[in-house]
Amino acid sequence: MKRSSLAQKIINAPYILWAALFVIAPLIMVLYYALTDSTGAFSLDSVKQIGDYGGTFILSISYGAVATLISLVIAYPFAYFLAHTKANFQRMSVMLVMLPMWMSFLIRTYSWITILGESGVINSALGKIGIGPLPLLNNGGAVILGMVYNFLPYMILPLYTIMAKMDVRLIEAAQDLGCGKLQVIRKVVFPLSVPGIASGITMVFVPCVSTFYITQKLGGGQVNLIGDVIEAQFQTANNYNLGAALSLVLMVMILICLGILNYFTDSDDEVNGGVLV
């Protein structure tokens with residue numbers, strides 16, 4: 001037992017070291033800067049300034065929630081369809097879903113400027129039939145589009161993984177008991193896919209709320225989210241203390257949202273056993 005325990009500690013050592021260096025240490029630094037001033041003395045001045053950005057926090061969460069919801073609406077039927085196709089088609093489709101992720105995030109976002117701009121692909125096509133140019137860029141809609149485009153694969157993949165592993169016998173049993181297609185989805189498929197939904201929401205909502213590059217390129221300064229404010233404090237204003245305080249509050253808000261999501265997810269799984277009755 002002692003040898004096994006020692007071997008386990010040796011195996012876990014790299015992961016513990018990684019977590020300490022790249023997770024725990026940065027969090028301690030954020031907490032330190034948030035609770036000090038420029039001289040390093042303890043101060044709550046930065047924390048007191050957070051109230052001035054309440055509207056920005058709400059706007060960021062709203063944009064993140066809308067982008068996450070749109071991603072879920074698009075990804076859910078696609079993942080369901082994909083999970084019920086032939087294996088070769090599934091592998092090819094998953095590769096195509098992951099293909100944009102192999103390119104730089106900056107390039108993927110910047111490419112939408114050439115599509116949505118006044119002289120972009122869409123407005124050029126509309127101009128040939130006497131329409132436009134339409135204001136497709138530098139607005140909230142363009143920002144949400146950029147969020148959905150960049151983070152949609154993170155919603156599709158966990159949903160597809162869950163649905164592909166579902167026991168087909170449960171669906172067949174529901175059909176034998178007289179359930180129609182919509183009832184099968186509502187009472188069997190949806191409850192079993194809740195863990196995938198929770199994972200997808202987590203993986204999409206968090207980067208959407210904290211993003212800043214998408215708003216800068218597709219929002220054109222017209223949309224200012226909390227990620228933009230934090231980035232400005234570190235890059236332009238050189239106010240690390242306020243930037244750290246805003247980052248700390250953002251982390252806490254995200255953790256609260258994810259905690260609520262996980263609470264209801266766990267409750268549903270425990271009460272219904274994964275299938276609605």
# chains A, B, ... in the order shown; residues from 1 in each chain; ligands from 1
call {"tool": "select_by_dssp", "arguments": {"residues": "region 133-259 of chain A", "states": "helix (DSSP H, G or I)", "output": "PyMOL selection string"}}
result
chain A and resi 140-151+153-164+168-176+181-192+194-210+213-218+226-235+240-259
call {"tool": "closest_atom_pairs", "arguments": {"of": "region 55-119 of chain A", "to": "region 136-155 of chain A", "cutoff": "6 Å", "atoms": "only C-alpha atoms", "output": "Markdown table"}}
result
| residue | atom | partner | partner_atom | distance |
| --- | --- | --- | --- | --- |
| A:Ala67 | CA | A:Val148 | CA | 5.6 |
| A:Ser71 | CA | A:Leu152 | CA | 5.5 |
| A:Leu116 | CA | A:Leu136 | CA | 5.4 |
| A:Gly117 | CA | A:Leu137 | CA | 5.8 |
call {"tool": "write_last_selection", "arguments": {"atoms": "all heavy atoms", "output": "compact mmCIF listing (two decimals), in the first residue's frame"}}
result
# COMPACT_ATOMS: atom_id res chain seq x y z
N ALA A 67 -25.24 34.73 -26.89
CA ALA A 67 -24.37 33.94 -27.77
C ALA A 67 -24.41 32.46 -27.39
O ALA A 67 -24.41 31.58 -28.27
CB ALA A 67 -22.94 34.47 -27.71
N SER A 71 -25.81 29.43 -29.73
CA SER A 71 -24.94 28.28 -29.99
C SER A 71 -25.64 26.97 -29.63
O SER A 71 -25.53 25.98 -30.36
CB SER A 71 -23.64 28.42 -29.19
OG SER A 71 -22.92 29.57 -29.57
N LEU A 116 -18.32 41.21 -43.57
CA LEU A 116 -19.40 42.09 -43.13
C LEU A 116 -19.16 43.57 -43.43
O LEU A 116 -20.08 44.38 -43.27
CB LEU A 116 -19.59 41.93 -41.61
CG LEU A 116 -19.93 40.53 -41.09
CD1 LEU A 116 -20.00 40.54 -39.57
CD2 LEU A 116 -21.25 40.04 -41.68
N GLY A 117 -17.97 43.95 -43.85
CA GLY A 117 -17.67 45.36 -44.09
C GLY A 117 -18.49 45.96 -45.23
O GLY A 117 -19.17 45.26 -45.98
call {"tool": "residues_around", "arguments": {"residues": "region 190-207 of chain A", "least_positions_apart": "6", "cutoff": "8 Å", "atoms": "only C-alpha atoms", "output": "MDAnalysis selection string"}}
result
chainID A and resid 64:65 67:68 72 151:152 154:163 166 254 258 261:262 265 269 274:276
call {"tool": "write_last_selection", "arguments": {"atoms": "N, CA and C atoms", "output": "CSV table (one decimal), in the first residue's frame"}}
result
chain,number,residue,atom,x,y,z
A,64,GLY,N,-22.9,37.3,-23.5
A,64,GLY,CA,-22.5,36.0,-23.3
A,64,GLY,C,-23.7,35.0,-23.3
A,65,ALA,N,-24.8,35.4,-22.6
A,65,ALA,CA,-25.9,34.5,-22.5
A,65,ALA,C,-26.6,34.3,-23.9
A,67,ALA,N,-25.2,34.7,-26.9
A,67,ALA,CA,-24.4,33.9,-27.8
A,67,ALA,C,-24.4,32.5,-27.4
A,68,THR,N,-24.4,32.2,-26.1
A,68,THR,CA,-24.5,30.8,-25.6
A,68,THR,C,-25.8,30.1,-26.0
A,72,LEU,N,-26.4,27.0,-28.5
A,72,LEU,CA,-27.1,25.8,-28.1
A,72,LEU,C,-28.2,25.4,-29.1
A,151,PHE,N,-16.9,30.1,-31.0
A,151,PHE,CA,-17.1,29.2,-29.8
A,151,PHE,C,-18.1,28.1,-30.1
A,152,LEU,N,-18.8,28.1,-31.2
A,152,LEU,CA,-19.8,27.0,-31.6
A,152,LEU,C,-19.2,25.6,-31.5
A,154,TYR,N,-17.2,24.4,-29.5
A,154,TYR,CA,-17.2,24.0,-28.1
A,154,TYR,C,-18.5,23.6,-27.5
A,155,MET,N,-19.6,23.9,-28.2
A,155,MET,CA,-20.9,23.5,-27.9
A,155,MET,C,-21.3,22.2,-28.6
A,156,ILE,N,-20.8,22.1,-29.8
A,156,ILE,CA,-21.2,20.9,-30.6
A,156,ILE,C,-20.5,19.6,-30.1
A,157,LEU,N,-19.2,19.7,-29.8
A,157,LEU,CA,-18.4,18.5,-29.5
A,157,LEU,C,-18.9,17.8,-28.2
A,158,PRO,N,-19.2,18.5,-27.1
A,158,PRO,CA,-19.7,17.8,-25.9
A,158,PRO,C,-21.1,17.2,-26.1
A,159,LEU,N,-21.9,17.9,-26.9
A,159,LEU,CA,-23.3,17.4,-27.1
A,159,LEU,C,-23.2,16.2,-28.0
A,160,TYR,N,-22.3,16.2,-29.0
A,160,TYR,CA,-22.2,15.1,-29.9
A,160,TYR,C,-21.6,13.9,-29.2
A,161,THR,N,-20.6,14.1,-28.3
A,161,THR,CA,-20.0,13.0,-27.5
A,161,THR,C,-21.1,12.3,-26.6
A,162,ILE,N,-21.9,13.1,-26.0
A,162,ILE,CA,-23.0,12.5,-25.1
A,162,ILE,C,-24.0,11.8,-25.9
A,163,MET,N,-24.4,12.4,-27.0
A,163,MET,CA,-25.5,11.7,-27.8
A,163,MET,C,-25.0,10.5,-28.5
A,166,MET,N,-25.3,7.5,-26.2
A,166,MET,CA,-26.6,7.1,-25.6
A,166,MET,C,-27.0,5.7,-26.0
A,254,ILE,N,-18.7,34.4,-12.7
A,254,ILE,CA,-18.7,33.3,-13.6
A,254,ILE,C,-18.9,32.0,-12.7
A,258,LEU,N,-21.9,29.3,-13.0
A,258,LEU,CA,-21.6,27.9,-13.2
A,258,LEU,C,-22.0,27.0,-12.1
A,261,LEU,N,-25.7,26.5,-12.4
A,261,LEU,CA,-26.0,25.6,-13.5
A,261,LEU,C,-25.7,24.2,-13.1
A,262,ASN,N,-24.6,23.9,-12.4
A,262,ASN,CA,-24.3,22.6,-12.0
A,262,ASN,C,-25.2,22.1,-10.9
A,265,THR,N,-28.3,21.0,-12.7
A,265,THR,CA,-28.0,19.8,-13.5
A,265,THR,C,-27.9,18.6,-12.6
A,269,ASP,N,-30.4,15.2,-12.4
A,269,ASP,CA,-29.9,13.8,-12.6
A,269,ASP,C,-30.3,12.9,-11.4
A,274,GLY,N,-31.8,10.6,-14.9
A,274,GLY,CA,-31.4,10.8,-16.3
A,274,GLY,C,-32.5,10.7,-17.3
A,275,VAL,N,-33.7,10.2,-16.9
A,275,VAL,CA,-34.8,10.2,-17.9
A,275,VAL,C,-36.0,10.7,-17.3
A,276,LEU,N,-36.7,11.6,-18.0
A,276,LEU,CA,-37.9,12.2,-17.5
A,276,LEU,C,-39.0,11.2,-17.4
call {"tool": "residues_around", "arguments": {"residues": "region 219-235 of chain A", "least_positions_apart": "6", "cutoff": "6 Å", "atoms": "only C-alpha atoms", "output": "list in words"}}
result
Thr56, Phe57, Ser60, Asn138, Asn139, Val143, Ser210, Thr211, Phe212 and Gly243 of chain A
call {"tool": "write_last_selection", "arguments": {"atoms": "C-alpha atoms", "output": "compact mmCIF listing (two decimals), in the first residue's frame"}}
result
# COMPACT_ATOMS: atom_id res chain seq x y z
CA THR A 56 -20.60 46.78 -18.23
CA PHE A 57 -20.76 43.55 -16.23
CA SER A 60 -21.12 41.32 -20.82
CA ASN A 138 -19.39 47.63 -35.74
CA ASN A 139 -22.52 46.72 -33.80
CA VAL A 143 -20.06 40.86 -31.92
CA SER A 210 -14.46 37.64 -20.94
CA THR A 211 -13.63 38.21 -24.62
CA PHE A 212 -12.16 41.48 -25.82
CA GLY A 243 -7.73 45.47 -13.74
call {"tool": "atom_distance", "arguments": {"atom1": "CA of Asn238 (chain A)", "atom2": "CA of Trp18 (chain A)"}}
result
28.5 Å
call {"tool": "atom_distance", "arguments": {"atom1": "CA of Gln90 (chain A)", "atom2": "CA of Ala164 (chain A)"}}
result
9.6 Å
call {"tool": "residues_around", "arguments": {"residues": "region 129-131 of chain A", "least_positions_apart": "6", "cutoff": "12 Å", "atoms": "only C-alpha atoms", "output": "number ranges by chain"}}
result
A: 118, 122-123
call {"tool": "atom_distance", "arguments": {"atom1": "CA of Leu182 (chain A)", "atom2": "CA of Val168 (chain A)"}}
result
15.8 Å
